[in-house]
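With compact mmCIF, C-alpha atoms and all ligand atoms inside, this is my_file15.txt:
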```
# COMPACT_ATOMS: atom_id res chain seq x y z
CA MET A 1 0.00 0.00 0.00
CA ASN A 2 1.28 3.48 -0.80
CA PRO A 3 1.42 5.78 2.19
CA ALA A 4 -0.98 8.52 1.21
CA ASN A 5 0.84 11.38 2.85
CA PHE A 6 4.58 11.42 3.50
CA ASP A 7 6.57 14.47 4.65
CA PHE A 8 10.34 14.00 4.62
CA HIS A 9 11.63 17.52 5.31
CA CYS A 10 10.99 19.62 8.43
CA HIS A 11 12.73 21.15 11.43
CA SER A 12 12.43 21.21 15.22
CA SER A 13 13.99 23.33 17.95
CA VAL A 14 17.01 20.98 17.78
CA SER A 15 18.03 23.19 14.83
CA ASP A 16 16.17 26.30 13.65
CA GLY A 17 12.55 25.16 13.96
CA LEU A 18 10.23 26.66 16.56
CA LEU A 19 8.64 23.50 18.07
CA PRO A 20 10.24 20.60 19.97
CA PRO A 21 10.43 17.30 18.06
CA ALA A 22 7.42 15.71 19.80
CA GLU A 23 5.24 18.71 18.97
CA VAL A 24 6.31 18.59 15.33
CA ALA A 25 5.35 14.90 15.35
CA ARG A 26 1.91 15.57 16.80
CA ARG A 27 1.27 18.38 14.34
CA ALA A 28 2.31 16.16 11.41
CA ALA A 29 -0.05 13.41 12.60
CA ALA A 30 -2.90 15.89 13.11
CA ASN A 31 -2.37 17.05 9.52
CA GLY A 32 -2.77 13.47 8.24
CA VAL A 33 0.90 12.56 7.70
CA ASP A 34 1.41 8.78 7.94
CA LEU A 35 5.10 8.44 7.05
CA TRP A 36 7.34 11.11 8.50
CA ALA A 37 11.01 12.15 8.83
CA LEU A 38 12.46 14.92 10.99
CA THR A 39 15.39 16.55 9.13
CA ASP A 40 17.09 19.04 11.44
CA HIS A 41 20.10 20.91 10.08
CA ASP A 42 23.41 19.09 10.72
CA HIS A 43 22.11 17.47 13.95
CA LEU A 44 20.56 14.13 14.94
CA GLY A 45 19.62 15.09 18.50
CA GLY A 46 15.85 15.18 17.93
CA LEU A 47 15.41 11.77 16.32
CA ASP A 48 14.74 9.66 19.44
CA GLU A 49 12.05 12.03 20.74
CA ALA A 50 10.57 12.34 17.26
CA ARG A 51 10.40 8.58 16.74
CA THR A 52 8.69 7.93 20.08
CA ALA A 53 6.11 10.66 19.49
CA ALA A 54 5.55 9.60 15.88
CA GLU A 55 4.89 5.99 16.85
CA GLU A 56 2.53 7.08 19.66
CA ALA A 57 0.64 9.13 17.08
CA GLY A 58 0.41 6.19 14.64
CA MET A 59 2.94 7.38 12.05
CA ARG A 60 5.86 5.45 10.62
CA PHE A 61 9.09 7.31 11.33
CA VAL A 62 12.27 7.55 9.24
CA ASN A 63 15.54 9.05 10.54
CA GLY A 64 16.43 12.26 8.73
CA VAL A 65 18.93 15.11 8.60
CA GLU A 66 19.57 18.13 6.33
CA ILE A 67 23.30 18.56 5.75
CA SER A 68 24.82 21.94 4.83
CA ILE A 69 27.31 21.53 2.00
CA GLU A 70 28.98 23.62 -0.67
CA TRP A 71 29.52 22.63 -4.27
CA HIS A 72 31.92 24.87 -6.21
CA GLU A 73 31.38 27.41 -3.40
CA VAL A 74 27.57 27.36 -3.80
CA PRO A 75 25.76 26.52 -0.54
CA ILE A 76 23.46 23.51 -1.06
CA HIS A 77 21.42 21.30 1.28
CA ILE A 78 21.46 17.49 1.11
CA VAL A 79 18.82 15.54 3.01
CA GLY A 80 19.77 12.11 4.38
CA LEU A 81 17.01 9.57 5.09
CA GLY A 82 16.72 6.15 6.67
CA PHE A 83 20.27 5.92 8.09
CA ASP A 84 21.67 4.38 11.27
CA ALA A 85 21.86 7.42 13.56
CA ALA A 86 24.72 5.90 15.58
CA HIS A 87 27.08 5.41 12.61
CA PRO A 88 30.41 7.10 13.48
CA ASP A 89 31.06 8.46 9.96
CA LEU A 90 27.78 10.36 10.11
CA THR A 91 27.88 11.46 13.75
CA GLY A 92 31.57 12.43 13.52
CA GLY A 93 31.11 14.28 10.23
CA LEU A 94 28.16 16.27 11.54
CA HIS A 95 29.98 17.10 14.77
CA ALA A 96 32.88 18.62 12.84
CA LEU A 97 30.52 20.39 10.44
CA ARG A 98 28.66 22.15 13.28
CA SER A 99 31.78 23.40 15.00
CA GLY A 100 32.29 26.58 12.98
CA ARG A 101 28.76 27.96 13.38
CA LEU A 102 29.38 29.98 16.55
CA GLU A 103 32.40 31.78 15.13
CA ARG A 104 30.51 32.50 11.92
CA ALA A 105 27.64 33.94 13.98
CA ARG A 106 30.01 36.27 15.86
CA LYS A 107 31.36 37.50 12.52
CA MET A 108 27.81 38.09 11.29
CA GLY A 109 27.16 40.16 14.42
CA ASP A 110 30.35 42.18 13.79
CA ALA A 111 29.42 42.72 10.15
CA LEU A 112 25.96 44.01 11.07
CA ALA A 113 27.42 46.25 13.83
CA ALA A 114 29.70 47.75 11.18
CA ILE A 115 26.66 48.97 9.23
CA GLY A 116 25.04 50.42 12.35
CA ILE A 117 22.97 47.53 13.73
CA PRO A 118 24.70 46.61 17.02
CA GLY A 119 23.96 43.74 19.41
CA VAL A 120 22.62 41.31 16.81
CA PHE A 121 24.78 38.34 17.84
CA GLU A 122 23.53 38.65 21.45
CA GLY A 123 19.98 39.24 20.18
CA ALA A 124 20.05 36.19 17.91
CA LEU A 125 21.28 34.05 20.82
CA ARG A 126 17.96 34.73 22.59
CA TYR A 127 16.26 32.81 19.78
CA VAL A 128 18.70 29.90 19.77
CA THR A 129 17.26 26.70 21.26
CA ASN A 130 20.34 24.48 20.70
CA PRO A 131 23.70 26.17 21.38
CA GLN A 132 25.38 23.88 18.81
CA LEU A 133 23.10 25.06 16.06
CA ILE A 134 22.97 28.82 15.62
CA SER A 135 21.61 29.59 12.16
CA ARG A 136 20.78 32.58 10.01
CA ALA A 137 17.13 31.88 10.86
CA HIS A 138 17.82 32.95 14.47
CA PHE A 139 19.38 36.18 13.23
CA ALA A 140 16.40 36.78 10.98
CA ARG A 141 13.93 36.27 13.86
CA TYR A 142 15.78 38.79 16.02
CA LEU A 143 16.10 41.33 13.19
CA VAL A 144 12.33 41.09 12.55
CA SER A 145 11.72 41.59 16.30
CA ILE A 146 13.59 44.93 16.23
CA GLY A 147 11.76 46.09 13.11
CA ILE A 148 14.57 45.78 10.55
CA ALA A 149 12.09 44.10 8.18
CA LYS A 150 8.47 42.95 8.49
CA GLU A 151 9.21 39.34 7.59
CA MET A 152 12.17 36.97 7.64
CA SER A 153 12.26 36.82 3.85
CA GLY A 154 12.97 40.57 3.77
CA VAL A 155 15.81 40.19 6.27
CA PHE A 156 17.37 37.48 4.10
CA GLN A 157 16.90 39.52 0.93
CA TYR A 158 18.59 42.68 2.26
CA TYR A 159 21.00 41.47 4.97
CA LEU A 160 21.73 37.74 5.11
CA THR A 161 22.37 36.45 1.58
CA PRO A 162 25.60 36.53 -0.49
CA GLY A 163 26.68 40.08 -1.26
CA LYS A 164 24.57 41.56 1.55
CA PRO A 165 26.16 43.16 4.66
CA GLY A 166 25.36 40.46 7.24
CA TYR A 167 26.42 37.50 5.07
CA VAL A 168 29.62 35.72 6.08
CA ASP A 169 31.17 33.04 3.89
CA HIS A 170 31.48 29.70 5.57
CA ARG A 171 33.21 26.38 4.83
CA TRP A 172 30.55 23.68 4.84
CA ALA A 173 30.95 19.96 4.05
CA GLY A 174 31.77 18.80 0.52
CA LEU A 175 29.18 17.02 -1.63
CA GLN A 176 31.23 13.84 -1.60
CA GLU A 177 31.66 13.94 2.18
CA ALA A 178 27.97 14.41 2.91
CA ILE A 179 26.86 11.66 0.51
CA SER A 180 29.51 9.30 1.88
CA TRP A 181 28.44 9.88 5.52
CA ILE A 182 24.81 9.17 4.60
CA THR A 183 25.48 6.10 2.49
CA ALA A 184 28.04 4.66 4.96
CA ALA A 185 25.26 4.81 7.56
CA GLY A 186 22.92 2.91 5.21
CA GLY A 187 20.82 5.95 4.22
CA VAL A 188 19.62 7.62 1.04
CA ALA A 189 20.96 11.02 -0.10
CA VAL A 190 18.40 13.48 -1.48
CA VAL A 191 18.86 16.95 -3.03
CA ALA A 192 16.86 19.37 -0.86
CA HIS A 193 14.64 22.01 -2.54
CA PRO A 194 16.57 22.16 -5.86
CA GLY A 195 14.37 25.07 -6.99
CA ARG A 196 16.05 27.34 -4.43
CA TYR A 197 19.50 27.26 -6.02
CA LYS A 198 20.26 30.01 -8.49
CA PHE A 199 21.75 27.67 -11.10
CA SER A 200 21.59 27.92 -14.87
CA GLY A 201 20.23 24.81 -16.60
CA GLY A 202 23.80 23.67 -17.36
CA GLU A 203 24.98 24.19 -13.78
CA MET A 204 22.01 22.22 -12.43
CA ARG A 205 22.82 19.34 -14.78
CA ARG A 206 26.51 19.38 -13.77
CA PHE A 207 25.49 19.38 -10.11
CA LEU A 208 23.04 16.49 -10.60
CA ASP A 209 25.64 14.56 -12.64
CA ASP A 210 28.09 14.88 -9.72
CA PHE A 211 25.41 14.03 -7.16
CA LYS A 212 24.47 10.88 -9.06
CA ASP A 213 28.10 9.83 -9.68
CA LEU A 214 28.81 10.13 -5.96
CA GLY A 215 25.89 7.88 -4.99
CA GLY A 216 22.96 10.32 -4.61
CA GLN A 217 19.62 8.63 -5.31
CA ALA A 218 16.76 11.14 -5.01
CA ILE A 219 15.65 14.76 -5.34
CA GLU A 220 12.84 16.72 -3.72
CA VAL A 221 10.28 17.27 -6.44
CA THR A 222 7.53 18.74 -4.27
CA SER A 223 8.73 21.11 -1.55
CA GLY A 224 7.33 23.95 0.50
CA SER A 225 9.59 26.25 -1.49
CA HIS A 226 8.69 24.94 -4.98
CA SER A 227 6.28 26.63 -7.40
CA PRO A 228 4.08 24.54 -9.74
CA ASP A 229 6.68 25.18 -12.48
CA HIS A 230 9.46 23.88 -10.23
CA ILE A 231 7.46 20.69 -9.66
CA LEU A 232 7.11 20.07 -13.42
CA HIS A 233 10.78 20.90 -14.01
CA PHE A 234 12.22 18.70 -11.26
CA ALA A 235 9.83 15.87 -12.10
CA ARG A 236 11.36 15.91 -15.60
CA LEU A 237 14.87 15.89 -14.17
CA ALA A 238 13.99 13.03 -11.79
CA ARG A 239 12.78 10.96 -14.79
CA HIS A 240 15.84 11.90 -16.84
CA TYR A 241 18.32 10.88 -14.12
CA GLY A 242 16.32 7.91 -12.83
CA PHE A 243 16.17 9.52 -9.38
CA HIS A 244 13.55 8.64 -6.80
CA ALA A 245 11.39 11.59 -5.76
CA SER A 246 10.94 13.09 -2.31
CA ARG A 247 8.28 15.36 -0.86
CA GLY A 248 8.73 17.72 2.08
CA SER A 249 7.17 20.82 3.58
CA ASP A 250 10.42 22.30 5.03
CA PHE A 251 8.20 23.32 7.95
CA HIS A 252 9.99 25.46 10.57
CA GLY A 253 7.07 26.80 12.63
CA PRO A 254 3.36 27.60 12.52
CA ALA A 255 3.43 31.30 11.62
CA GLU A 256 6.64 31.12 9.64
CA SER A 257 6.49 28.46 6.99
CA TYR A 258 5.00 28.70 3.51
CA VAL A 259 3.46 25.26 3.85
CA ASP A 260 2.31 23.27 6.87
CA LEU A 261 3.39 19.68 7.58
CA GLY A 262 1.92 17.21 5.10
CA ARG A 263 0.28 19.97 3.02
CA VAL A 264 2.68 19.81 0.07
CA PRO A 265 1.27 18.85 -3.36
CA GLN A 266 1.39 15.11 -4.09
CA LEU A 267 4.16 13.78 -6.34
CA PRO A 268 3.34 13.23 -10.01
CA GLU A 269 2.08 9.63 -10.07
CA ASP A 270 4.66 8.12 -12.40
CA LEU A 271 7.63 9.09 -10.16
CA LYS A 272 9.20 6.56 -7.80
CA PRO A 273 8.62 7.80 -4.21
CA VAL A 274 11.82 7.82 -2.18
CA TRP A 275 10.30 5.87 0.73
CA ARG A 276 10.51 2.76 -1.49
CA LEU A 277 14.29 2.87 -0.97
CA ILE A 278 13.92 2.80 2.83
CA ASP A 279 13.20 -0.36 4.84
P1 LIG B 1 22.25 28.70 7.85
O1 LIG B 1 22.22 27.19 7.96
O2 LIG B 1 22.73 29.34 9.11
O3 LIG B 1 22.96 29.19 6.62
O4 LIG B 1 20.74 29.18 7.73
C1 LIG B 1 19.91 28.72 6.71
C2 LIG B 1 18.45 28.77 7.18
O5 LIG B 1 17.93 30.07 7.03
C3 LIG B 1 17.55 27.90 6.30
O6 LIG B 1 17.55 26.58 6.74
C4 LIG B 1 16.20 28.55 6.52
O7 LIG B 1 15.67 28.12 7.75
C5 LIG B 1 16.57 30.01 6.66
N1 LIG B 1 16.40 30.74 5.38
C6 LIG B 1 17.26 30.79 4.35
N2 LIG B 1 16.78 31.61 3.37
C7 LIG B 1 15.59 32.07 3.82
C8 LIG B 1 14.60 32.97 3.29
N3 LIG B 1 14.75 33.57 2.11
N4 LIG B 1 13.50 33.20 4.04
C9 LIG B 1 13.34 32.64 5.26
N5 LIG B 1 14.24 31.79 5.80
C10 LIG B 1 15.34 31.51 5.10
MN MN B 2 16.28 26.14 8.45
MN MN B 3 17.35 23.86 3.33
MN MN B 4 15.11 22.63 5.62
```

Rewrite the coordinates I just gave you, this time as structure tokens.
Amino acid sequence: MNPANFDFHCHSSVSDGLLPPAEVARRAAANGVDLWALTDHDHLGGLDEARTAAEEAGMRFVNGVEISIEWHEVPIHIVGLGFDAAHPDLTGGLHALRSGRLERARKMGDALAAIGIPGVFEGALRYVTNPQLISRAHFARYLVSIGIAKEMSGVFQYYLTPGKPGYVDHRWAGLQEAISWITAAGGVAVVAHPGRYKFSGGEMRRFLDDFKDLGGQAIEVTSGSHSPDHILHFARLARHYGFHASRGSDFHGPAESYVDLGRVPQLPEDLKPVWRLID
């Protein structure tokens, strides 16, 4: 039987989401999700709580993570699904990957102070729920709270993206590293929200060629950040490459996310859903 409603991309307060893992689980179940993965950024700390709450709520649970990488200096996100969360390649790789975030955040605070917005590092820390995982989302929440922009998207557009004053370059994992951690741990590597990357058609194909050559198996076709045109486009690319297809809301919190848990459009019917690759 096909699970009718799977959501394999969302965040809890273990990274930059607003709700604890068990609350995300209950909200997913209330929205009709029956197969669910929690995919916090670079961190596996919410998986045990999420699994217990998911099973109590009658959902099947799959381990997940969203790994921050760079490919030819472009920041990209790779989702891992269905892995052994105790595998040392994965836990060790993620531990090292997280370690630079605090220093990067201090530099972001300094950069914003230099354009006349002081105290942002300290302000962002008030929004951080896991000291190992300070993210630009916490900066954006604080900057909205002091009226720098009405919404987080405006903060990103004017302050926190490449070329803007609060953006600080960072060394993330490599594509090969992230895929190897996931596959060593028995999981499936998935390209997160491919519609968000500002690639030309040729760059996207080169990226997907590399991803496939290195052992990547799936891409998100439906995503909270995909338009109907993105869905058609990435469905075509999934068919072309023989990738399985994933579906995820990228939910971060009730008032903040474009799409609620489980409320993403269904995958085009001919695509192979990624959960078929997971025991
Ligand atoms: P970081 O991992 O610190 O680079 O932060 C990336 C996070 O910022 C993403 O996972 C999103 O939660 C958030 N983010 C990035 N771009 C935007 C945007 N345009 N609007 C709202 N949130 C965003
Ligand atoms: Mn996030
Ligand atoms: Mn992402
Ligand atoms: Mn995400």

Spatial neighbours of Arg171 in chain A, max dist 12 Å, all atoms listed in the file, sep filter under 6 positions, as a list in words =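 Everything that qualifies: Ser68, Ile69, Glu70, Trp71, His72, Glu73, Val74, Pro75, Ile76, Ala96, Leu97, Arg98, Ser99, Gly100, Arg101, Glu103 and Arg104 of chain A.
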
For Met152 in chain A, the nearest of the candidates A:Val120, A:Ala238, A:Ala255, A:Ala29, counting all atoms listed in the file |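 Smallest separation from Met152 in chain A among the options: A:Ala255.
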
Val259 in chain A surroundings by all atoms listed in the file, 8 Å radius, close-in-sequence under 2 positions cut, as a VMD selection string | chain A and resid 224 249 to 251 257 261 263 to 264

In Å to one decimal, how far is atom O7 of ligand LIG 1 (chain B) from CA of Pro254 in chain A?
-> 13.2 Å

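Of the residues under consideration (A:Val191, A:Ala178, A:Ile146, A:Val62), A:Val191 shows the shortest atom-to-atom contact distance to ligand MN 3 (chain B) when counting all atoms listed in the file.
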
Closest atom pairs, residues of chain A within 7 Å of ligand MN 2 (chain B), all atoms listed in the file, as a tab-separated table:
```
residue	atom	partner	partner_atom	distance
A:His11	CA	B:MN2	MN	6.8
A:Asp16	CA	B:MN2	MN	5.2
A:Gly17	CA	B:MN2	MN	6.7
A:His41	CA	B:MN2	MN	6.7
A:Ala137	CA	B:MN2	MN	6.3
A:His252	CA	B:MN2	MN	6.7
```

Kindly export the residues of the current selection with C-alpha atoms, as a short mmCIF file (atom, residue, chain, number, x, y, z; two decimals), in the coordinates of the input.
```cif
data_model
loop_
_atom_site.label_atom_id
_atom_site.label_comp_id
_atom_site.auth_asym_id
_atom_site.auth_seq_id
_atom_site.Cartn_x
_atom_site.Cartn_y
_atom_site.Cartn_z
CA HIS A 11 12.73 21.15 11.43
CA ASP A 16 16.17 26.30 13.65
CA GLY A 17 12.55 25.16 13.96
CA HIS A 41 20.10 20.91 10.08
CA ALA A 137 17.13 31.88 10.86
CA HIS A 252 9.99 25.46 10.57
#
```
